[in-house]
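Structure file input_15.pdb (PDB, C-alpha atoms, pLDDT in the B column) is printed below.
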```
MODEL        1
ATOM      1  CA  MET B   1      79.754  90.447  69.206  1.00 86.00           C
ATOM      2  CA  GLN B   2      79.256  89.868  72.933  1.00 95.00           C
ATOM      3  CA  ARG B   3      77.843  92.449  75.326  1.00 97.00           C
ATOM      4  CA  ILE B   4      78.792  92.489  79.018  1.00 97.00           C
ATOM      5  CA  ARG B   5      77.027  94.545  81.674  1.00 97.00           C
ATOM      6  CA  LEU B   6      79.005  95.683  84.696  1.00 98.00           C
ATOM      7  CA  ARG B   7      78.131  97.152  88.084  1.00 98.00           C
ATOM      8  CA  TYR B   8      80.797  99.350  89.643  1.00 98.00           C
ATOM      9  CA  THR B   9      81.234 101.513  92.730  1.00 97.00           C
ATOM     10  CA  LYS B  10      82.535 104.945  93.692  1.00 97.00           C
ATOM     11  CA  ARG B  11      83.836 104.754  97.247  1.00 96.00           C
ATOM     12  CA  GLY B  12      85.844 106.877  99.631  1.00 95.00           C
ATOM     13  CA  ARG B  13      87.708 109.799  98.118  1.00 95.00           C
ATOM     14  CA  LEU B  14      86.915 108.584  94.618  1.00 95.00           C
ATOM     15  CA  ARG B  15      83.330 109.732  95.075  1.00 95.00           C
ATOM     16  CA  PHE B  16      84.738 113.108  94.012  1.00 95.00           C
ATOM     17  CA  THR B  17      85.778 111.833  90.584  1.00 93.00           C
ATOM     18  CA  SER B  18      83.672 113.202  87.764  1.00 94.00           C
ATOM     19  CA  HIS B  19      82.014 110.990  85.185  1.00 94.00           C
ATOM     20  CA  ARG B  20      84.624 112.138  82.647  1.00 94.00           C
ATOM     21  CA  ASP B  21      87.405 111.107  85.055  1.00 95.00           C
ATOM     22  CA  PHE B  22      85.862 107.660  85.418  1.00 96.00           C
ATOM     23  CA  GLN B  23      85.541 107.271  81.653  1.00 96.00           C
ATOM     24  CA  ARG B  24      89.250 107.951  81.210  1.00 95.00           C
ATOM     25  CA  ALA B  25      90.197 105.550  84.027  1.00 96.00           C
ATOM     26  CA  PHE B  26      87.926 102.834  82.669  1.00 97.00           C
ATOM     27  CA  GLU B  27      89.273 103.077  79.124  1.00 95.00           C
ATOM     28  CA  ARG B  28      92.814 102.752  80.510  1.00 96.00           C
ATOM     29  CA  ALA B  29      91.658  99.671  82.448  1.00 97.00           C
ATOM     30  CA  LEU B  30      90.271  98.161  79.244  1.00 97.00           C
ATOM     31  CA  ARG B  31      93.666  98.528  77.602  1.00 95.00           C
ATOM     32  CA  ARG B  32      95.565  97.131  80.609  1.00 96.00           C
ATOM     33  CA  ALA B  33      93.269  94.116  80.801  1.00 95.00           C
ATOM     34  CA  GLU B  34      93.608  93.575  77.022  1.00 95.00           C
ATOM     35  CA  VAL B  35      89.849  93.426  76.555  1.00 96.00           C
ATOM     36  CA  PRO B  36      88.914  92.739  72.893  1.00 96.00           C
ATOM     37  CA  MET B  37      86.718  95.816  72.562  1.00 96.00           C
ATOM     38  CA  ALA B  38      84.457  96.581  69.635  1.00 96.00           C
ATOM     39  CA  TYR B  39      84.943 100.095  68.243  1.00 94.00           C
ATOM     40  CA  SER B  40      82.643 102.562  66.570  1.00 91.00           C
ATOM     41  CA  ALA B  41      83.047 103.352  62.896  1.00 88.00           C
ATOM     42  CA  GLY B  42      84.146 106.714  61.573  1.00 84.00           C
ATOM     43  CA  PHE B  43      87.199 108.949  61.478  1.00 87.00           C
ATOM     44  CA  THR B  44      87.837 108.731  65.258  1.00 88.00           C
ATOM     45  CA  PRO B  45      86.745 105.257  66.474  1.00 89.00           C
ATOM     46  CA  HIS B  46      85.839 104.916  70.153  1.00 91.00           C
ATOM     47  CA  PRO B  47      85.386 101.775  72.253  1.00 93.00           C
ATOM     48  CA  LYS B  48      81.731 100.800  72.468  1.00 96.00           C
ATOM     49  CA  VAL B  49      80.929 101.597  76.097  1.00 96.00           C
ATOM     50  CA  SER B  50      77.428 102.654  77.150  1.00 95.00           C
ATOM     51  CA  TYR B  51      77.149 104.428  80.494  1.00 94.00           C
ATOM     52  CA  ALA B  52      73.777 104.578  82.249  1.00 90.00           C
ATOM     53  CA  ASN B  53      72.593 107.284  84.635  1.00 91.00           C
ATOM     54  CA  ALA B  54      75.890 108.164  86.354  1.00 92.00           C
ATOM     55  CA  ALA B  55      75.773 109.532  89.906  1.00 94.00           C
ATOM     56  CA  PRO B  56      76.590 113.234  90.416  1.00 93.00           C
ATOM     57  CA  THR B  57      80.170 114.200  91.271  1.00 94.00           C
ATOM     58  CA  GLY B  58      80.705 114.152  95.027  1.00 95.00           C
ATOM     59  CA  THR B  59      78.270 111.330  95.747  1.00 96.00           C
ATOM     60  CA  GLY B  60      79.328 107.784  96.489  1.00 97.00           C
ATOM     61  CA  SER B  61      77.673 104.820  94.845  1.00 97.00           C
ATOM     62  CA  GLU B  62      77.368 101.070  95.169  1.00 97.00           C
ATOM     63  CA  ALA B  63      75.323 100.746  91.994  1.00 97.00           C
ATOM     64  CA  GLU B  64      76.672 102.330  88.815  1.00 97.00           C
ATOM     65  CA  TYR B  65      76.131 100.479  85.545  1.00 98.00           C
ATOM     66  CA  LEU B  66      77.683 100.298  82.103  1.00 97.00           C
ATOM     67  CA  GLU B  67      77.720  97.979  79.109  1.00 97.00           C
ATOM     68  CA  ILE B  68      80.642  97.080  76.856  1.00 97.00           C
ATOM     69  CA  ALA B  69      80.694  95.369  73.455  1.00 97.00           C
ATOM     70  CA  LEU B  70      83.392  92.803  72.650  1.00 97.00           C
ATOM     71  CA  THR B  71      84.608  91.306  69.385  1.00 96.00           C
ATOM     72  CA  GLN B  72      85.427  87.976  71.073  1.00 95.00           C
ATOM     73  CA  GLU B  73      83.575  86.124  73.805  1.00 95.00           C
ATOM     74  CA  ARG B  74      84.929  86.285  77.341  1.00 95.00           C
ATOM     75  CA  ASP B  75      83.856  84.812  80.658  1.00 96.00           C
ATOM     76  CA  PRO B  76      82.059  87.680  82.472  1.00 96.00           C
ATOM     77  CA  GLU B  77      83.465  86.888  85.926  1.00 97.00           C
ATOM     78  CA  LEU B  78      87.060  86.592  84.734  1.00 97.00           C
ATOM     79  CA  LEU B  79      86.647  89.803  82.769  1.00 97.00           C
ATOM     80  CA  ARG B  80      85.290  91.499  85.900  1.00 97.00           C
ATOM     81  CA  THR B  81      88.338  90.392  87.895  1.00 97.00           C
ATOM     82  CA  LEU B  82      90.805  91.652  85.289  1.00 97.00           C
ATOM     83  CA  LEU B  83      89.097  95.041  85.024  1.00 97.00           C
ATOM     84  CA  ASP B  84      88.806  95.421  88.797  1.00 97.00           C
ATOM     85  CA  GLU B  85      92.533  94.774  89.201  1.00 97.00           C
ATOM     86  CA  SER B  86      93.221  97.461  86.594  1.00 96.00           C
ATOM     87  CA  LEU B  87      91.238 100.202  88.366  1.00 97.00           C
ATOM     88  CA  PRO B  88      92.181 102.172  91.498  1.00 96.00           C
ATOM     89  CA  THR B  89      90.716 101.090  94.827  1.00 95.00           C
ATOM     90  CA  GLY B  90      87.358 102.780  95.251  1.00 96.00           C
ATOM     91  CA  LEU B  91      86.412 102.355  91.609  1.00 97.00           C
ATOM     92  CA  ASP B  92      85.576  98.673  91.921  1.00 97.00           C
ATOM     93  CA  ILE B  93      83.924  96.374  89.385  1.00 97.00           C
ATOM     94  CA  VAL B  94      81.734  94.256  91.645  1.00 97.00           C
ATOM     95  CA  GLU B  95      79.397  92.401  89.273  1.00 97.00           C
ATOM     96  CA  ALA B  96      79.310  91.274  85.643  1.00 97.00           C
ATOM     97  CA  ALA B  97      76.645  89.607  83.522  1.00 97.00           C
ATOM     98  CA  GLU B  98      76.381  88.789  79.859  1.00 97.00           C
ATOM     99  CA  ALA B  99      73.625  90.858  78.232  1.00 96.00           C
ATOM    100  CA  ARG B 100      70.889  88.358  77.392  1.00 94.00           C
ATOM    101  CA  THR B 101      68.015  90.880  77.382  1.00 93.00           C
ATOM    102  CA  SER B 102      67.491  94.338  75.919  1.00 90.00           C
ATOM    103  CA  GLY B 103      67.014  97.707  77.542  1.00 89.00           C
ATOM    104  CA  LEU B 104      69.327  97.995  80.550  1.00 93.00           C
ATOM    105  CA  ALA B 105      68.784 101.761  80.697  1.00 93.00           C
ATOM    106  CA  ASP B 106      65.017 101.210  80.614  1.00 93.00           C
ATOM    107  CA  ARG B 107      65.303  99.177  83.820  1.00 94.00           C
ATOM    108  CA  LEU B 108      67.001 102.009  85.716  1.00 96.00           C
ATOM    109  CA  THR B 109      63.841 103.847  86.753  1.00 96.00           C
ATOM    110  CA  ALA B 110      64.617 104.639  90.401  1.00 97.00           C
ATOM    111  CA  SER B 111      67.453 104.909  92.927  1.00 97.00           C
ATOM    112  CA  VAL B 112      67.895 104.218  96.624  1.00 98.00           C
ATOM    113  CA  TRP B 113      70.059 106.807  98.374  1.00 98.00           C
ATOM    114  CA  GLU B 114      71.527 107.088 101.853  1.00 97.00           C
ATOM    115  CA  LEU B 115      72.040 110.599 103.228  1.00 97.00           C
ATOM    116  CA  ARG B 116      74.295 110.953 106.262  1.00 97.00           C
ATOM    117  CA  LEU B 117      73.686 114.222 108.116  1.00 97.00           C
ATOM    118  CA  ASP B 118      76.514 114.801 110.588  1.00 95.00           C
ATOM    119  CA  GLY B 119      75.663 117.278 113.316  1.00 95.00           C
ATOM    120  CA  VAL B 120      71.903 116.703 112.972  1.00 96.00           C
ATOM    121  CA  ASP B 121      69.933 115.122 115.806  1.00 95.00           C
ATOM    122  CA  ALA B 122      67.926 112.053 114.785  1.00 94.00           C
ATOM    123  CA  GLU B 123      64.690 113.419 116.245  1.00 95.00           C
ATOM    124  CA  GLU B 124      65.121 116.690 114.366  1.00 96.00           C
ATOM    125  CA  ALA B 125      65.622 114.699 111.158  1.00 97.00           C
ATOM    126  CA  ARG B 126      62.460 112.649 111.813  1.00 96.00           C
ATOM    127  CA  ARG B 127      60.384 115.795 112.241  1.00 97.00           C
ATOM    128  CA  ALA B 128      61.736 117.217 108.990  1.00 97.00           C
ATOM    129  CA  VAL B 129      61.029 113.939 107.151  1.00 97.00           C
ATOM    130  CA  GLY B 130      57.458 113.985 108.449  1.00 97.00           C
ATOM    131  CA  ALA B 131      56.943 117.541 107.206  1.00 97.00           C
ATOM    132  CA  PHE B 132      58.335 116.662 103.788  1.00 98.00           C
ATOM    133  CA  ASN B 133      56.221 113.517 103.429  1.00 97.00           C
ATOM    134  CA  THR B 134      52.970 115.283 104.336  1.00 97.00           C
ATOM    135  CA  ALA B 135      53.539 118.157 101.929  1.00 96.00           C
ATOM    136  CA  GLU B 136      51.698 117.927  98.591  1.00 95.00           C
ATOM    137  CA  THR B 137      54.422 119.838  96.755  1.00 96.00           C
ATOM    138  CA  VAL B 138      57.891 121.021  97.766  1.00 97.00           C
ATOM    139  CA  GLU B 139      59.271 123.599  95.394  1.00 95.00           C
ATOM    140  CA  VAL B 140      63.029 123.961  95.189  1.00 95.00           C
ATOM    141  CA  GLN B 141      65.384 125.898  92.960  1.00 92.00           C
ATOM    142  CA  ARG B 142      68.460 124.728  91.101  1.00 89.00           C
ATOM    143  CA  ARG B 143      70.892 126.783  89.087  1.00 84.00           C
ATOM    144  CA  THR B 144      71.352 125.426  85.562  1.00 81.00           C
ATOM    145  CA  LYS B 145      73.249 126.642  82.519  1.00 81.00           C
ATOM    146  CA  ASN B 146      70.015 128.353  81.435  1.00 82.00           C
ATOM    147  CA  GLY B 147      69.525 130.121  84.760  1.00 85.00           C
ATOM    148  CA  VAL B 148      67.655 129.297  87.965  1.00 88.00           C
ATOM    149  CA  ARG B 149      64.937 126.650  87.574  1.00 89.00           C
ATOM    150  CA  THR B 150      62.085 126.014  90.030  1.00 93.00           C
ATOM    151  CA  PHE B 151      60.483 122.567  90.226  1.00 93.00           C
ATOM    152  CA  ASP B 152      58.661 120.204  92.591  1.00 95.00           C
ATOM    153  CA  ALA B 153      60.993 117.846  94.471  1.00 95.00           C
ATOM    154  CA  ARG B 154      58.165 116.001  96.261  1.00 96.00           C
ATOM    155  CA  SER B 155      56.437 114.201  93.396  1.00 95.00           C
ATOM    156  CA  ALA B 156      59.463 112.092  92.429  1.00 96.00           C
ATOM    157  CA  VAL B 157      60.081 110.865  95.992  1.00 97.00           C
ATOM    158  CA  VAL B 158      58.627 107.388  96.534  1.00 96.00           C
ATOM    159  CA  LYS B 159      59.908 107.001 100.085  1.00 96.00           C
ATOM    160  CA  LEU B 160      61.835 109.151 102.560  1.00 97.00           C
ATOM    161  CA  GLU B 161      62.483 107.855 106.052  1.00 97.00           C
ATOM    162  CA  SER B 162      64.866 108.201 108.948  1.00 95.00           C
ATOM    163  CA  ALA B 163      67.071 105.129 109.362  1.00 90.00           C
ATOM    164  CA  GLU B 164      68.920 103.791 112.386  1.00 74.00           C
ATOM    165  CA  THR B 165      71.834 105.990 113.418  1.00 63.00           C
ATOM    166  CA  PRO B 166      75.172 104.132 113.281  1.00 55.00           C
ATOM    167  CA  SER B 167      76.482 103.240 116.724  1.00 46.00           C
ATOM    168  CA  SER B 168      79.985 102.133 115.737  1.00 43.00           C
ATOM    169  CA  PRO B 169      82.761 104.487 116.956  1.00 43.00           C
ATOM    170  CA  ALA B 170      84.323 104.173 113.506  1.00 42.00           C
ATOM    171  CA  ASP B 171      81.154 105.610 111.984  1.00 44.00           C
ATOM    172  CA  ARG B 172      80.860 108.363 114.605  1.00 45.00           C
ATOM    173  CA  PRO B 173      84.462 109.325 115.407  1.00 48.00           C
ATOM    174  CA  THR B 174      83.593 112.699 116.960  1.00 57.00           C
ATOM    175  CA  GLY B 175      80.642 111.601 119.089  1.00 69.00           C
ATOM    176  CA  ARG B 176      78.505 114.348 117.490  1.00 82.00           C
ATOM    177  CA  PRO B 177      74.859 113.739 116.546  1.00 91.00           C
ATOM    178  CA  CYS B 178      74.331 111.999 113.233  1.00 95.00           C
ATOM    179  CA  ALA B 179      71.095 111.320 111.358  1.00 96.00           C
ATOM    180  CA  ILE B 180      70.748 108.830 108.516  1.00 97.00           C
ATOM    181  CA  LEU B 181      68.017 109.208 105.891  1.00 97.00           C
ATOM    182  CA  ARG B 182      66.978 106.655 103.272  1.00 97.00           C
ATOM    183  CA  LEU B 183      65.495 107.956 100.044  1.00 97.00           C
ATOM    184  CA  VAL B 184      63.848 106.189  97.111  1.00 97.00           C
ATOM    185  CA  VAL B 185      63.395 108.541  94.156  1.00 97.00           C
ATOM    186  CA  ARG B 186      62.063 108.029  90.643  1.00 96.00           C
ATOM    187  CA  HIS B 187      64.213 108.979  87.671  1.00 96.00           C
ATOM    188  CA  VAL B 188      62.130 111.754  86.137  1.00 93.00           C
ATOM    189  CA  THR B 189      62.726 114.870  84.052  1.00 89.00           C
ATOM    190  CA  PRO B 190      63.965 117.167  85.454  1.00 88.00           C
ATOM    191  CA  ALA B 191      65.953 114.764  87.603  1.00 91.00           C
ATOM    192  CA  VAL B 192      65.375 115.074  91.351  1.00 94.00           C
ATOM    193  CA  ARG B 193      68.705 114.566  93.098  1.00 95.00           C
ATOM    194  CA  PRO B 194      69.454 114.026  96.794  1.00 96.00           C
ATOM    195  CA  ASP B 195      70.623 117.622  97.160  1.00 95.00           C
ATOM    196  CA  ASP B 196      67.213 118.762  95.847  1.00 96.00           C
ATOM    197  CA  VAL B 197      65.537 116.735  98.609  1.00 97.00           C
ATOM    198  CA  LEU B 198      67.879 118.334 101.150  1.00 97.00           C
ATOM    199  CA  SER B 199      66.843 121.742  99.795  1.00 96.00           C
ATOM    200  CA  GLY B 200      63.234 120.635 100.234  1.00 97.00           C
ATOM    201  CA  LEU B 201      63.847 119.632 103.845  1.00 97.00           C
ATOM    202  CA  ARG B 202      65.313 123.068 104.450  1.00 97.00           C
ATOM    203  CA  ALA B 203      62.267 124.694 102.858  1.00 96.00           C
ATOM    204  CA  VAL B 204      59.587 122.760 104.757  1.00 97.00           C
ATOM    205  CA  ALA B 205      61.320 122.201 108.109  1.00 96.00           C
ATOM    206  CA  ASP B 206      64.341 124.523 108.231  1.00 96.00           C
ATOM    207  CA  LEU B 207      66.660 121.499 108.402  1.00 96.00           C
ATOM    208  CA  ALA B 208      70.167 122.735 107.614  1.00 93.00           C
ATOM    209  CA  PRO B 209      73.070 120.326 108.363  1.00 94.00           C
ATOM    210  CA  PRO B 210      76.156 122.189 109.639  1.00 94.00           C
ATOM    211  CA  VAL B 211      78.378 120.242 107.224  1.00 94.00           C
ATOM    212  CA  PRO B 212      77.614 118.920 103.708  1.00 94.00           C
ATOM    213  CA  ALA B 213      75.714 115.647 103.707  1.00 96.00           C
ATOM    214  CA  ALA B 214      77.536 112.448 102.740  1.00 96.00           C
ATOM    215  CA  VAL B 215      75.392 110.916 100.000  1.00 97.00           C
ATOM    216  CA  THR B 216      75.668 107.351  98.690  1.00 97.00           C
ATOM    217  CA  ARG B 217      73.579 105.573  96.091  1.00 98.00           C
ATOM    218  CA  LEU B 218      72.844 102.106  97.469  1.00 97.00           C
ATOM    219  CA  ALA B 219      70.915 100.705  94.507  1.00 97.00           C
ATOM    220  CA  GLN B 220      69.235 101.587  91.245  1.00 97.00           C
ATOM    221  CA  GLY B 221      66.924  99.581  89.063  1.00 97.00           C
ATOM    222  CA  LEU B 222      63.298  99.003  88.179  1.00 96.00           C
ATOM    223  CA  LEU B 223      60.834 100.440  90.694  1.00 96.00           C
ATOM    224  CA  ASP B 224      58.230  98.051  92.088  1.00 93.00           C
ATOM    225  CA  GLU B 225      55.282 100.415  92.484  1.00 89.00           C
ATOM    226  CA  GLU B 226      53.436  98.109  94.902  1.00 89.00           C
ATOM    227  CA  THR B 227      56.240  97.739  97.430  1.00 90.00           C
ATOM    228  CA  GLY B 228      58.281 100.869  96.713  1.00 89.00           C
ATOM    229  CA  THR B 229      61.423  98.762  96.364  1.00 93.00           C
ATOM    230  CA  VAL B 230      64.065  98.857  93.630  1.00 96.00           C
ATOM    231  CA  THR B 231      64.894  95.586  91.895  1.00 95.00           C
ATOM    232  CA  ASP B 232      68.243  94.347  90.574  1.00 96.00           C
ATOM    233  CA  PRO B 233      68.578  95.398  86.896  1.00 96.00           C
ATOM    234  CA  LEU B 234      70.964  92.529  86.091  1.00 97.00           C
ATOM    235  CA  ALA B 235      68.626  89.827  87.406  1.00 95.00           C
ATOM    236  CA  PRO B 236      66.857  89.293  84.035  1.00 95.00           C
ATOM    237  CA  ASP B 237      70.229  88.692  82.341  1.00 95.00           C
ATOM    238  CA  ARG B 238      71.313  86.164  84.970  1.00 94.00           C
ATOM    239  CA  GLU B 239      67.975  84.375  84.762  1.00 94.00           C
ATOM    240  CA  ALA B 240      68.170  84.226  80.970  1.00 93.00           C
ATOM    241  CA  ALA B 241      71.743  82.905  81.119  1.00 89.00           C
ATOM    242  CA  ALA B 242      70.616  80.141  83.484  1.00 88.00           C
ATOM    243  CA  THR B 243      67.874  78.949  81.132  1.00 85.00           C
ATOM    244  CA  GLU B 244      69.315  79.589  77.667  1.00 74.00           C
ATOM    245  CA  PRO B 245      71.998  77.323  76.154  1.00 63.00           C
ATOM    246  CA  HIS B 246      75.336  78.975  75.461  1.00 58.00           C
ATOM    247  CA  PRO B 247      75.947  79.629  71.738  1.00 51.00           C
ATOM    248  CA  ALA B 248      77.670  76.697  70.037  1.00 40.00           C
ATOM    249  CA  GLY B 249      81.365  77.122  69.415  1.00 40.00           C
ATOM    250  CA  ALA B 250      81.702  80.119  71.739  1.00 43.00           C
ATOM    251  CA  THR B 251      84.953  80.469  73.615  1.00 42.00           C
ATOM    252  CA  ALA B 252      84.779  81.811  77.156  1.00 42.00           C
ATOM    253  CA  THR B 253      88.443  82.528  77.679  1.00 43.00           C
ATOM    254  CA  ALA B 254      90.506  85.478  78.714  1.00 42.00           C
ATOM    255  CA  THR B 255      94.192  86.061  79.136  1.00 43.00           C
ATOM    256  CA  VAL B 256      95.901  87.721  82.051  1.00 41.00           C
ATOM    257  CA  PRO B 257      97.915  90.680  80.749  1.00 42.00           C
ATOM    258  CA  ALA B 258     101.656  90.533  81.215  1.00 39.00           C
TER     259      ALA B 258
ENDMDL
END
```

Would you mind writing the file out in structure tokens?
Amino acid sequence: MQRIRLRYTKRGRLRFTSHRDFQRAFERALRRAEVPMAYSAGFTPHPKVSYANAAPTGTGSEAEYLEIALTQERDPELLRTLLDESLPTGLDIVEAAEARTSGLADRLTASVWELRLDGVDAEEARRAVGAFNTAETVEVQRRTKNGVRTFDARSAVVKLESAETPSSPADRPTGRPCAILRLVVRHVTPAVRPDDVLSGLRAVADLAPPVPAAVTRLAQGLLDEETGTVTDPLAPDREAAATEPHPAGATATATVPA
């Protein structure tokens, strides 16, 4: 059995697809690309696909991860191309690596997010970021299936800063103010999401964007506590593949579906 790890995106209008929607689309892509999937045992077998820490519905992402198990060996890059061609534009398979190490999910300990606040002046956003960063705790509320829950949104935030505002007319078609925030947040329980940080900014600085923020996950991986950066979770697999010999007799072929 071979295991392949994939990085995929949610772009444009497809940021509004739910995780369940993506699962259905991906399983159709597996069939179209004629991927030799391994299946679970039992009365209703399912393809062995492991999804890791999916982004919330409505947020874009450049860094979603999953792992698939195959019954025959395939070249990861060719497999990536076949799957990408079988998915709609916006759900793009952008990277593939053979799993040579264990614990992909364990390496997804933090995320980097970009929050675009249309209608918010950059200086106003900087003041709100300063108030959030200096606060010891920022309590926010979130409605869950068990009722309203109150928790601290500050402790999970490694870094929150105001980024350069885009100057391209394509990025600012209306000429209105636009603030860009960059957020690095640990994956903790309960999870602190970008909308929780926005609620925190409203609580500490009365920052309330006139339109919903456009949120995109730029990266996720292992948090480097010294630098506050997030490392590539597939790097250990690529490094291991570069140093370890390929198993004898393995075939790295794939066929293009008719």

Residues matched by the PyMOL selection byres ((chain B and resi 98-112) around 8), written as a PyMOL selection string: chain B and resi 2-5+52-53+76+96-97+113-114+182-187+217-223+230+233-234+236-238+240-241

Give me, please, the distance in Å between atom CA of B:Ala69 and atom CA of B:Arg11, quoted to one decimal. 25.8 Å

Evaluate the PyMOL selection byres ((chain B and resi 196) around 8) against this structure - the residues, as a PyMOL selection string, please. chain B and resi 140-142+153+192-195+197-200

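Listed by chain and then by number, the residues chosen by the PyMOL selection byres ((chain B and resi 25) around 12) in this file are Leu14, Thr17, Ser18, His19, Arg20, Asp21, Phe22, Gln23, Arg24, Phe26, Glu27, Arg28, Ala29, Leu30, Arg31, Arg32, Leu83, Asp84, Ser86, Leu87, Pro88, Thr89, Gly90, Leu91 and Asp92 of chain B.
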
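Note that the spacing between atom CA of B:Ile68 and atom CA of B:Met37 amounts to 7.5 Å.
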
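Taking all atoms listed in the file into account, B:Leu115 lies nearest to B:Ser61 out of the set B:Thr71, B:Thr137, B:Ser61, B:Asn146.
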
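With distances restricted to all atoms listed in the file, B:Leu117 is the closest residue to B:Ala208 from B:Arg13, B:Ala63, B:Phe43, B:Leu117.
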
If I take atom CA of B:Val94 and atom CA of B:Glu77, how far is one from the other in Å, to one decimal? 9.5 Å

Quick one: of B:Pro190, B:Thr81, B:Gly130, B:Ser40, who's nearest to B:Ser155, counting only C-alpha atoms?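 Answer, going by the shortest atom-to-atom distance: B:Pro190.
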
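Comparing the minimum interatomic distances between B:Tyr51 and each of B:Ala205, B:Leu66, B:Ala235, B:Ala38, counting all atoms listed in the file, we find that B:Leu66 sits nearest.
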
Can you tell me, as a list of chain:residue names, which residues sit within 9 Å of (77.2, 114.9, 113.3) in the file's frame, using all atoms listed in the file?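 Returned residue set, sorted by chain then number, is B:Arg116, B:Leu117, B:Asp118, B:Gly119, B:Val120, B:Asp121, B:Arg172, B:Thr174, B:Gly175, B:Arg176, B:Pro177, B:Cys178, B:Ala179, B:Pro209, B:Pro210, B:Val211.
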
Closest to B:Pro56 among B:Arg149, B:Thr216, B:Ala163, B:Glu239, using all atoms listed in the file?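 Ranking B:Arg149, B:Thr216, B:Ala163, B:Glu239 by distance to B:Pro56, first place goes to B:Thr216.
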
Between B:Asp206, B:Ala131, B:Glu64, B:Ala33, which residue has the minimum interatomic distance to B:Asp232, considering all atoms listed in the file? B:Glu64
